[in-house]
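File shown: upload-v4.cif (mmCIF, C-alpha atoms).
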```cif
data_target
loop_
_atom_site.group_PDB
_atom_site.id
_atom_site.type_symbol
_atom_site.label_atom_id
_atom_site.label_comp_id
_atom_site.auth_asym_id
_atom_site.auth_seq_id
_atom_site.Cartn_x
_atom_site.Cartn_y
_atom_site.Cartn_z
ATOM 1 C CA MET A 159 103.459 127.462 68.565
ATOM 2 C CA LYS A 160 103.508 126.994 72.337
ATOM 3 C CA TYR A 161 100.560 125.580 74.269
ATOM 4 C CA ILE A 162 99.948 125.842 78.023
ATOM 5 C CA VAL A 163 98.301 122.667 79.336
ATOM 6 C CA GLY A 164 96.218 122.621 82.506
ATOM 7 C CA ALA A 165 96.279 119.557 84.770
ATOM 8 C CA ARG A 166 96.095 118.483 88.395
ATOM 9 C CA GLY A 167 99.385 118.172 90.229
ATOM 10 C CA SER A 168 98.932 114.505 91.152
ATOM 11 C CA GLN A 169 101.494 112.026 89.861
ATOM 12 C CA LEU A 170 98.877 110.280 87.732
ATOM 13 C CA SER A 171 97.586 113.512 86.231
ATOM 14 C CA VAL A 172 101.081 114.706 85.346
ATOM 15 C CA ALA A 173 101.974 111.273 83.927
ATOM 16 C CA GLN A 174 98.937 111.106 81.666
ATOM 17 C CA THR A 175 99.397 114.746 80.630
ATOM 18 C CA ASN A 176 102.994 113.984 79.653
ATOM 19 C CA TRP A 177 101.699 111.000 77.665
ATOM 20 C CA VAL A 178 99.236 113.264 75.831
ATOM 21 C CA ILE A 179 102.030 115.732 75.080
ATOM 22 C CA SER A 180 104.269 112.960 73.746
ATOM 23 C CA GLU A 181 101.471 111.839 71.406
ATOM 24 C CA LEU A 182 100.848 115.432 70.266
ATOM 25 C CA LYS A 183 104.532 115.975 69.538
ATOM 26 C CA LYS A 184 104.476 113.027 67.133
ATOM 27 C CA VAL A 185 101.937 114.804 64.931
ATOM 28 C CA ASN A 186 102.905 118.401 65.779
ATOM 29 C CA PRO A 187 106.730 118.286 65.934
ATOM 30 C CA ASP A 188 107.099 122.078 65.708
ATOM 31 C CA SER A 189 104.863 122.792 68.716
ATOM 32 C CA GLU A 190 105.910 123.224 72.350
ATOM 33 C CA TYR A 191 103.907 122.331 75.448
ATOM 34 C CA GLU A 192 104.165 123.496 79.045
ATOM 35 C CA ILE A 193 102.191 121.948 81.930
ATOM 36 C CA LYS A 194 100.548 124.276 84.433
ATOM 37 C CA THR A 195 99.399 122.362 87.525
ATOM 38 C CA ILE A 196 96.210 123.566 89.183
ATOM 39 C CA THR A 197 94.845 122.545 92.578
ATOM 40 C CA THR A 198 91.220 121.380 92.621
ATOM 41 C CA LYS A 199 88.655 120.932 95.397
ATOM 42 C CA GLY A 200 89.177 117.174 95.161
ATOM 43 C CA ASP A 201 92.866 117.663 95.942
ATOM 44 C CA THR A 202 92.246 119.641 99.131
ATOM 45 C CA ASP A 203 89.140 117.881 100.504
ATOM 46 C CA ASP A 204 90.141 114.495 101.919
ATOM 47 C CA ARG A 205 86.633 113.305 102.763
ATOM 48 C CA PRO A 206 85.354 110.147 101.044
ATOM 49 C CA LEU A 207 84.247 111.120 97.543
ATOM 50 C CA PHE A 208 80.632 110.057 98.054
ATOM 51 C CA THR A 209 80.263 112.551 100.935
ATOM 52 C CA ILE A 210 81.114 115.538 98.707
ATOM 53 C CA ASP A 211 77.877 116.701 97.106
ATOM 54 C CA GLN A 212 79.438 118.416 94.112
ATOM 55 C CA LYS A 213 80.152 117.332 90.554
ATOM 56 C CA GLY A 214 83.476 117.972 88.877
ATOM 57 C CA ILE A 215 85.550 118.245 92.056
ATOM 58 C CA PHE A 216 88.697 117.213 90.162
ATOM 59 C CA GLU A 217 88.197 119.372 87.078
ATOM 60 C CA LYS A 218 86.174 122.538 87.733
ATOM 61 C CA GLU A 219 89.109 124.808 88.614
ATOM 62 C CA ILE A 220 91.147 123.534 85.667
ATOM 63 C CA ASP A 221 88.318 124.018 83.177
ATOM 64 C CA ARG A 222 87.797 127.521 84.556
ATOM 65 C CA ALA A 223 91.432 128.250 83.671
ATOM 66 C CA VAL A 224 90.728 127.055 80.109
ATOM 67 C CA ALA A 225 87.643 129.253 79.825
ATOM 68 C CA GLN A 226 89.555 132.281 81.169
ATOM 69 C CA LYS A 227 92.429 131.658 78.717
ATOM 70 C CA GLU A 228 94.969 130.995 81.464
ATOM 71 C CA VAL A 229 95.709 127.679 79.746
ATOM 72 C CA ASP A 230 95.012 126.507 76.196
ATOM 73 C CA PHE A 231 93.540 123.114 77.018
ATOM 74 C CA ALA A 232 93.158 120.717 79.949
ATOM 75 C CA VAL A 233 93.858 117.022 80.406
ATOM 76 C CA HIS A 234 91.571 115.022 82.714
ATOM 77 C CA SER A 235 90.739 111.459 83.638
ATOM 78 C CA LEU A 236 87.481 111.300 81.730
ATOM 79 C CA LYS A 237 85.485 109.707 84.541
ATOM 80 C CA ASP A 238 86.133 112.914 86.551
ATOM 81 C CA VAL A 239 84.443 115.090 83.903
ATOM 82 C CA PRO A 240 80.675 115.651 84.403
ATOM 83 C CA SER A 241 78.433 114.792 81.462
ATOM 84 C CA GLU A 242 77.637 118.510 81.149
ATOM 85 C CA ILE A 243 80.464 121.046 80.962
ATOM 86 C CA ASP A 244 80.435 124.838 80.530
ATOM 87 C CA ASP A 245 78.943 126.038 77.236
ATOM 88 C CA SER A 246 82.160 127.856 76.382
ATOM 89 C CA LEU A 247 84.119 124.583 76.498
ATOM 90 C CA ILE A 248 84.181 121.410 74.418
ATOM 91 C CA LEU A 249 85.379 117.861 74.937
ATOM 92 C CA ALA A 250 87.841 118.316 72.088
ATOM 93 C CA CYS A 251 89.657 114.982 72.054
ATOM 94 C CA ILE A 252 89.535 111.458 73.473
ATOM 95 C CA PRO A 253 92.754 109.558 72.741
ATOM 96 C CA LYS A 254 93.018 105.759 72.643
ATOM 97 C CA ARG A 255 91.414 104.328 75.753
ATOM 98 C CA GLU A 256 93.333 102.151 78.201
ATOM 99 C CA VAL A 257 91.962 98.908 79.626
ATOM 100 C CA VAL A 258 88.876 99.481 81.782
ATOM 101 C CA ASN A 259 89.313 96.741 84.408
ATOM 102 C CA ASP A 260 89.721 97.257 88.138
ATOM 103 C CA VAL A 261 92.564 95.443 89.895
ATOM 104 C CA PHE A 262 92.983 93.950 93.363
ATOM 105 C CA ILE A 263 96.211 94.647 95.285
ATOM 106 C CA SER A 264 96.806 92.870 98.602
ATOM 107 C CA SER A 265 99.538 92.884 101.232
ATOM 108 C CA ASP A 266 100.138 89.125 100.960
ATOM 109 C CA GLY A 267 99.363 88.454 97.303
ATOM 110 C CA SER A 268 95.869 87.155 97.993
ATOM 111 C CA THR A 269 93.114 87.591 95.431
ATOM 112 C CA LEU A 270 89.600 88.768 96.267
ATOM 113 C CA GLU A 271 88.545 85.124 96.235
ATOM 114 C CA THR A 272 91.299 83.915 98.593
ATOM 115 C CA ILE A 273 91.802 86.828 101.012
ATOM 116 C CA LYS A 274 91.027 86.026 104.647
ATOM 117 C CA SER A 275 87.605 86.533 106.164
ATOM 118 C CA GLY A 276 87.394 89.900 107.954
ATOM 119 C CA ALA A 277 90.056 91.469 105.740
ATOM 120 C CA VAL A 278 89.861 95.269 105.366
ATOM 121 C CA ILE A 279 89.650 96.378 101.742
ATOM 122 C CA GLY A 280 90.076 100.030 100.787
ATOM 123 C CA THR A 281 88.317 101.802 97.949
ATOM 124 C CA SER A 282 87.190 105.360 97.264
ATOM 125 C CA SER A 283 84.286 104.140 95.113
ATOM 126 C CA LEU A 284 80.792 103.110 96.209
ATOM 127 C CA ARG A 285 80.526 101.125 92.971
ATOM 128 C CA ARG A 286 83.589 99.049 93.834
ATOM 129 C CA ALA A 287 82.505 98.708 97.465
ATOM 130 C CA VAL A 288 79.111 97.195 96.667
ATOM 131 C CA GLN A 289 80.642 94.850 94.091
ATOM 132 C CA VAL A 290 83.153 93.642 96.693
ATOM 133 C CA ILE A 291 80.353 92.894 99.150
ATOM 134 C CA ARG A 292 78.452 90.969 96.477
ATOM 135 C CA LYS A 293 81.488 88.716 96.015
ATOM 136 C CA ARG A 294 82.711 88.584 99.615
ATOM 137 C CA SER A 295 80.151 89.513 102.246
ATOM 138 C CA ASP A 296 82.619 88.437 104.961
ATOM 139 C CA VAL A 297 85.156 91.247 104.396
ATOM 140 C CA ILE A 298 85.158 94.873 105.583
ATOM 141 C CA VAL A 299 85.191 97.721 103.052
ATOM 142 C CA LYS A 300 86.601 101.072 104.212
ATOM 143 C CA PRO A 301 86.964 104.374 102.329
ATOM 144 C CA ILE A 302 90.500 105.310 101.291
ATOM 145 C CA ARG A 303 91.858 108.524 99.754
ATOM 146 C CA GLY A 304 95.215 109.612 98.428
ATOM 147 C CA ASN A 305 97.120 109.202 95.180
ATOM 148 C CA ILE A 306 97.757 105.751 93.730
ATOM 149 C CA GLU A 307 101.174 105.207 95.289
ATOM 150 C CA THR A 308 99.916 106.400 98.697
ATOM 151 C CA ARG A 309 97.014 103.950 98.544
ATOM 152 C CA ILE A 310 99.310 101.103 97.548
ATOM 153 C CA LYS A 311 101.533 101.847 100.577
ATOM 154 C CA LYS A 312 98.455 101.789 102.825
ATOM 155 C CA ALA A 313 97.714 98.222 101.685
ATOM 156 C CA SER A 314 100.441 96.954 103.996
ATOM 157 C CA GLY A 315 98.228 94.887 106.271
ATOM 158 C CA GLU A 316 98.309 97.494 109.043
ATOM 159 C CA ASN A 317 95.257 99.615 108.165
ATOM 160 C CA TYR A 318 94.192 97.872 104.956
ATOM 161 C CA ASP A 319 94.750 94.319 103.805
ATOM 162 C CA ALA A 320 93.998 95.171 100.196
ATOM 163 C CA ILE A 321 92.849 97.946 97.892
ATOM 164 C CA ILE A 322 91.062 98.174 94.545
ATOM 165 C CA LEU A 323 92.232 100.549 91.828
ATOM 166 C CA ALA A 324 91.757 101.098 88.107
ATOM 167 C CA GLN A 325 94.320 99.192 86.057
ATOM 168 C CA ALA A 326 94.672 102.182 83.705
ATOM 169 C CA GLY A 327 96.145 104.363 86.443
ATOM 170 C CA ILE A 328 98.765 101.795 87.361
ATOM 171 C CA SER A 329 99.697 101.338 83.706
ATOM 172 C CA ARG A 330 100.063 105.068 83.079
ATOM 173 C CA LEU A 331 102.219 105.551 86.173
ATOM 174 C CA GLY A 332 104.313 102.484 85.431
ATOM 175 C CA VAL A 333 104.014 101.336 89.054
ATOM 176 C CA ASP A 334 105.747 98.026 89.745
ATOM 177 C CA VAL A 335 103.183 96.229 91.898
ATOM 178 C CA LYS A 336 101.607 92.799 91.774
ATOM 179 C CA PHE A 337 97.869 92.702 91.239
ATOM 180 C CA SER A 338 95.066 90.424 90.127
ATOM 181 C CA ILE A 339 92.712 91.659 87.418
ATOM 182 C CA LEU A 340 89.023 91.790 88.331
ATOM 183 C CA SER A 341 86.680 90.720 85.557
ATOM 184 C CA ILE A 342 84.337 93.240 83.969
ATOM 185 C CA ASP A 343 81.474 90.795 84.618
ATOM 186 C CA ASP A 344 82.020 91.048 88.391
ATOM 187 C CA PHE A 345 83.355 94.612 88.507
ATOM 188 C CA SER A 346 81.572 96.721 85.935
ATOM 189 C CA PRO A 347 83.730 99.855 85.420
ATOM 190 C CA SER A 348 82.727 103.440 85.979
ATOM 191 C CA PRO A 349 81.505 105.215 82.822
ATOM 192 C CA GLY A 350 84.577 106.653 81.119
ATOM 193 C CA GLN A 351 87.048 104.567 83.108
ATOM 194 C CA GLY A 352 90.402 104.182 81.372
ATOM 195 C CA ALA A 353 89.851 107.164 79.078
ATOM 196 C CA ILE A 354 91.478 110.595 78.958
ATOM 197 C CA ALA A 355 89.482 113.752 78.196
ATOM 198 C CA ILE A 356 91.064 116.833 76.647
ATOM 199 C CA VAL A 357 88.977 119.980 77.101
ATOM 200 C CA ALA A 358 89.447 123.149 75.034
ATOM 201 C CA ARG A 359 87.550 126.372 74.375
ATOM 202 C CA ALA A 360 84.725 125.767 71.931
ATOM 203 C CA ASP A 361 85.779 128.700 69.723
ATOM 204 C CA ASP A 362 89.490 127.826 69.648
ATOM 205 C CA TYR A 363 89.344 126.020 66.329
ATOM 206 C CA GLN A 364 93.102 125.892 65.820
ATOM 207 C CA THR A 365 93.701 124.102 69.122
ATOM 208 C CA ILE A 366 90.761 121.758 68.567
ATOM 209 C CA SER A 367 92.096 120.838 65.114
ATOM 210 C CA MET A 368 95.527 120.160 66.584
ATOM 211 C CA LEU A 369 94.081 117.958 69.358
ATOM 212 C CA LYS A 370 91.856 115.983 66.972
ATOM 213 C CA LYS A 371 94.987 114.505 65.384
ATOM 214 C CA ILE A 372 95.388 112.119 68.348
ATOM 215 C CA GLU A 373 91.731 111.216 68.817
ATOM 216 C CA ASP A 374 90.722 107.550 68.641
ATOM 217 C CA ALA A 375 87.413 107.219 66.789
ATOM 218 C CA ASP A 376 86.129 104.104 68.572
ATOM 219 C CA SER A 377 87.121 105.421 72.013
ATOM 220 C CA ARG A 378 85.166 108.621 71.297
ATOM 221 C CA LEU A 379 82.045 106.728 70.236
ATOM 222 C CA GLU A 380 82.186 104.366 73.233
ATOM 223 C CA ILE A 381 82.599 107.268 75.626
ATOM 224 C CA GLU A 382 79.706 109.154 74.032
ATOM 225 C CA ALA A 383 77.425 106.165 74.699
ATOM 226 C CA GLU A 384 78.544 105.851 78.331
ATOM 227 C CA ARG A 385 78.216 109.585 78.995
ATOM 228 C CA ALA A 386 74.738 109.664 77.438
ATOM 229 C CA LEU A 387 73.737 106.872 79.813
ATOM 230 C CA SER A 388 75.274 108.698 82.811
ATOM 231 C CA ASP A 389 73.436 111.870 81.912
ATOM 232 C CA PHE A 390 70.143 110.020 81.521
ATOM 233 C CA VAL A 391 70.287 108.259 84.904
ATOM 234 C CA ASP A 392 72.362 110.977 86.685
ATOM 235 C CA SER A 393 75.036 108.607 87.946
ATOM 236 C CA GLY A 394 78.000 109.776 90.009
ATOM 237 C CA CYS A 395 79.782 109.384 93.329
ATOM 238 C CA ARG A 396 76.434 109.181 95.171
ATOM 239 C CA PHE A 397 74.812 106.729 92.807
ATOM 240 C CA PRO A 398 77.204 104.079 91.526
ATOM 241 C CA VAL A 399 76.564 102.819 88.008
ATOM 242 C CA GLY A 400 78.809 100.462 86.063
ATOM 243 C CA ALA A 401 78.816 100.961 82.300
ATOM 244 C CA TYR A 402 81.032 99.786 79.468
ATOM 245 C CA ALA A 403 80.548 100.280 75.736
ATOM 246 C CA LYS A 404 82.492 98.171 73.237
ATOM 247 C CA SER A 405 82.628 98.608 69.461
ATOM 248 C CA ASN A 406 82.500 95.604 67.171
ATOM 249 C CA GLY A 407 82.536 96.372 63.460
ATOM 250 C CA PHE A 408 79.632 98.691 62.702
ATOM 251 C CA GLU A 409 77.896 97.923 66.002
ATOM 252 C CA MET A 410 78.378 98.843 69.622
ATOM 253 C CA THR A 411 77.154 97.101 72.755
ATOM 254 C CA LEU A 412 76.613 99.034 75.971
ATOM 255 C CA THR A 413 76.406 96.961 79.157
ATOM 256 C CA VAL A 414 75.092 98.718 82.260
ATOM 257 C CA THR A 415 74.877 97.345 85.801
ATOM 258 C CA VAL A 416 73.259 98.999 88.818
ATOM 259 C CA PHE A 417 73.060 97.654 92.366
ATOM 260 C CA SER A 418 70.934 98.227 95.441
ATOM 261 C CA VAL A 419 72.592 99.692 98.541
ATOM 262 C CA ASP A 420 72.950 96.262 100.167
ATOM 263 C CA GLY A 421 74.134 94.678 96.933
ATOM 264 C CA LYS A 422 71.392 92.058 96.975
ATOM 265 C CA LYS A 423 69.489 93.470 94.018
ATOM 266 C CA SER A 424 70.937 94.336 90.635
ATOM 267 C CA LEU A 425 69.681 95.605 87.308
ATOM 268 C CA GLN A 426 71.519 94.900 84.074
ATOM 269 C CA VAL A 427 70.871 96.175 80.581
ATOM 270 C CA ASN A 428 72.641 95.264 77.332
ATOM 271 C CA LYS A 429 71.965 97.511 74.345
ATOM 272 C CA THR A 430 73.389 96.981 70.867
ATOM 273 C CA GLY A 431 73.061 99.502 68.050
ATOM 274 C CA ASN A 432 74.794 101.388 65.272
ATOM 275 C CA LYS A 433 78.022 102.717 66.754
ATOM 276 C CA LYS A 434 77.670 105.903 64.705
ATOM 277 C CA ASP A 435 74.721 106.849 66.949
ATOM 278 C CA PRO A 436 76.179 106.254 70.427
ATOM 279 C CA LYS A 437 73.958 108.731 72.257
ATOM 280 C CA SER A 438 70.853 106.828 71.158
ATOM 281 C CA ILE A 439 72.358 103.624 72.559
ATOM 282 C CA GLY A 440 73.044 105.325 75.892
ATOM 283 C CA LYS A 441 69.585 106.883 76.021
ATOM 284 C CA SER A 442 67.911 103.568 75.127
ATOM 285 C CA ALA A 443 69.812 101.814 77.929
ATOM 286 C CA GLY A 444 68.757 104.557 80.342
ATOM 287 C CA GLU A 445 65.103 104.250 79.328
ATOM 288 C CA GLU A 446 65.159 100.500 79.918
ATOM 289 C CA LEU A 447 66.757 101.030 83.329
ATOM 290 C CA ARG A 448 64.004 103.460 84.252
ATOM 291 C CA GLU A 449 61.394 100.905 83.249
ATOM 292 C CA LYS A 450 63.118 98.404 85.528
ATOM 293 C CA GLY A 451 63.067 100.764 88.523
ATOM 294 C CA VAL A 452 66.475 102.471 88.512
ATOM 295 C CA ASN A 453 65.037 105.714 89.933
ATOM 296 C CA GLU A 454 64.035 103.927 93.131
ATOM 297 C CA LEU A 455 67.525 102.470 93.510
ATOM 298 C CA ALA A 456 69.060 105.911 92.921
ATOM 299 C CA LEU A 457 66.844 107.465 95.604
ATOM 300 C CA ASN A 458 67.750 104.722 98.074
ATOM 301 C CA TRP A 459 71.464 105.325 97.453
ATOM 302 C CA ARG A 460 71.204 109.059 97.967
ATOM 303 C CA GLU A 461 69.153 108.644 101.143
ATOM 304 C CA LYS A 462 71.748 106.191 102.460
ATOM 305 C CA VAL A 463 74.621 108.542 101.691
ATOM 306 C CA GLU A 464 72.827 111.364 103.508
ATOM 307 C CA GLU A 465 72.387 109.032 106.485
ATOM 308 C CA TRP A 466 76.108 108.162 106.460
ATOM 309 C CA ASN A 467 77.021 111.856 106.308
ATOM 310 C CA LYS A 468 75.057 112.550 109.500
ATOM 311 C CA THR A 469 76.819 109.824 111.485
#
```

Could you express the structure from this file as structure tokens?
Amino acid sequence: MKYIVGARGSQLSVAQTNWVISELKKVNPDSEYEIKTITTKGDTDDRPLFTIDQKGIFEKEIDRAVAQKEVDFAVHSLKDVPSEIDDSLILACIPKREVVNDVFISSDGSTLETIKSGAVIGTSSLRRAVQVIRKRSDVIVKPIRGNIETRIKKASGENYDAIILAQAGISRLGVDVKFSILSIDDFSPSPGQGAIAIVARADDYQTISMLKKIEDADSRLEIEAERALSDFVDSGCRFPVGAYAKSNGFEMTLTVTVFSVDGKKSLQVNKTGNKKDPKSIGKSAGEELREKGVNELALNWREKVEEWNKT
């Protein structure tokens, strides 16, 4: 049996797709896999992500190819997949999740704590930007785009003194670069960070069954909690929310952190429940955030982004 796999053409996307294929071959030794790279809106639009008012900019075209049977399934970075996908598709498999931490890469080996005042730090994420400012109000945060290796090259001290990336991406690419790990307490990750999503057609039971062989049960449950939270508070590139679910025995704890535009105000919620009911944990966290005023923070963020887009 031969499967056609849809993926972006970026180095990271191809690397993680090859990793998925290598895992599938272990449990399906008689199957063959061919990668078909597909260009997405996110690949051709080089504006800062928060200025693009559209969900799924890195996955929509690829998922369309799945739905139209041009490919059999698609491999995505899970944080790029909206909480709602087309009814004809299903999030068929979530393999073992990588570490969720962000990392700090600087031109001179400095950490976030020791880098010089006035240093320019690049990030494509509003969530990371506001968390930087909370730690170091004396540095300058500038948007940065490009693949991982391109961003690392930009952190040469000429245009950027440092950048912040997800550790998972560096690990999957095998990039040899020095970095300092940022704690989850200070840098709450994006919902789904470190996880891979494999999307298939909802009625393609044979492919779904094949993909399920490499699913990690705890990673699936943790992701379900984080995605339920994201759906409840409508987080995304224009409203940064940090969320991380962690299983422990029969329980799961979901920690959510939300910040004001200036970083001076924050809301945090910790919800623990039965890990077999992750969506209830995510919804409960979302309800508590609403009670604490998250909708006002979300509105302020979106108004600010609109203001930035006009300047």

### Task
Step by step, work through what the PyMOL selection byres ((chain A and resi 352-359) around 8) selects in the shown file, and finish by giving those residues as a PyMOL selection string.
chain A and resi 174+221+224-225+230-237+239+246-258+324-327+350-351+360-362+365-366+369+377

Padding of 6 Å on every side, edges along x, y and z, all listed atoms of region 352-365 of chain A included: what centre and edge lengths in Å, to one decimal, does that box have, as JSON?
```
{"center_x": 89.2, "center_y": 116.4, "center_z": 73.6, "size_x": 21.0, "size_y": 36.5, "size_z": 27.6}
```

### Query
So which residues fall inside 12 Å of (103.6, 112.3, 87.7) if we count only C-alpha atoms? Mind giving them as number ranges by chain?
A: 165-177, 193, 195, 305-307, 327-328, 330-333

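In this structure, CA of Phe408 (chain A) sits 17.2 Å away from CA of Glu384 (chain A).
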
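Here CA of Val416 (chain A) stands at a distance of 5.1 Å from CA of Val399 (chain A).
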
### Task
I would like the residues chosen by the PyMOL selection byres ((chain A and resi 437-448) around 9) on the shown file; could you give them as a PyMOL selection string?
chain A and resi 379+382-391+410-414+416+425-436+449-454

C-alpha atoms of the current selection, written as a PDB file, in the frame of the given file:
```
ATOM      1  CA  LEU A 379      82.045 106.728  70.236  1.00  0.00           C
ATOM      2  CA  GLU A 382      79.706 109.154  74.032  1.00  0.00           C
ATOM      3  CA  ALA A 383      77.425 106.165  74.699  1.00  0.00           C
ATOM      4  CA  GLU A 384      78.544 105.851  78.331  1.00  0.00           C
ATOM      5  CA  ARG A 385      78.216 109.585  78.995  1.00  0.00           C
ATOM      6  CA  ALA A 386      74.738 109.664  77.438  1.00  0.00           C
ATOM      7  CA  LEU A 387      73.737 106.872  79.813  1.00  0.00           C
ATOM      8  CA  SER A 388      75.274 108.698  82.811  1.00  0.00           C
ATOM      9  CA  ASP A 389      73.436 111.870  81.912  1.00  0.00           C
ATOM     10  CA  PHE A 390      70.143 110.020  81.521  1.00  0.00           C
ATOM     11  CA  VAL A 391      70.287 108.259  84.904  1.00  0.00           C
ATOM     12  CA  MET A 410      78.378  98.843  69.622  1.00  0.00           C
ATOM     13  CA  THR A 411      77.154  97.101  72.755  1.00  0.00           C
ATOM     14  CA  LEU A 412      76.613  99.034  75.971  1.00  0.00           C
ATOM     15  CA  THR A 413      76.406  96.961  79.157  1.00  0.00           C
ATOM     16  CA  VAL A 414      75.092  98.718  82.260  1.00  0.00           C
ATOM     17  CA  VAL A 416      73.259  98.999  88.818  1.00  0.00           C
ATOM     18  CA  LEU A 425      69.681  95.605  87.308  1.00  0.00           C
ATOM     19  CA  GLN A 426      71.519  94.900  84.074  1.00  0.00           C
ATOM     20  CA  VAL A 427      70.871  96.175  80.581  1.00  0.00           C
ATOM     21  CA  ASN A 428      72.641  95.264  77.332  1.00  0.00           C
ATOM     22  CA  LYS A 429      71.965  97.511  74.345  1.00  0.00           C
ATOM     23  CA  THR A 430      73.389  96.981  70.867  1.00  0.00           C
ATOM     24  CA  GLY A 431      73.061  99.502  68.050  1.00  0.00           C
ATOM     25  CA  ASN A 432      74.794 101.388  65.272  1.00  0.00           C
ATOM     26  CA  LYS A 433      78.022 102.717  66.754  1.00  0.00           C
ATOM     27  CA  LYS A 434      77.670 105.903  64.705  1.00  0.00           C
ATOM     28  CA  ASP A 435      74.721 106.849  66.949  1.00  0.00           C
ATOM     29  CA  PRO A 436      76.179 106.254  70.427  1.00  0.00           C
ATOM     30  CA  GLU A 449      61.394 100.905  83.249  1.00  0.00           C
ATOM     31  CA  LYS A 450      63.118  98.404  85.528  1.00  0.00           C
ATOM     32  CA  GLY A 451      63.067 100.764  88.523  1.00  0.00           C
ATOM     33  CA  VAL A 452      66.475 102.471  88.512  1.00  0.00           C
ATOM     34  CA  ASN A 453      65.037 105.714  89.933  1.00  0.00           C
ATOM     35  CA  GLU A 454      64.035 103.927  93.131  1.00  0.00           C
TER      36      GLU A 454
END
```

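Coordinates place CA of Ser338 (chain A) at a distance of 19.5 Å from CA of Asp296 (chain A).
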
### Message
Evaluate the PyMOL selection byres ((chain A and resi 317) around 12) against this structure - the residues, as a VMD selection string, please.
### Response
chain A and resid 264 to 265 277 to 280 298 to 302 309 to 316 318 to 321

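Minimum distance to Asp238 (chain A) across A:Ile273, A:Thr198, A:Lys462, A:Tyr363 (counting only C-alpha atoms) occurs at A:Thr198.
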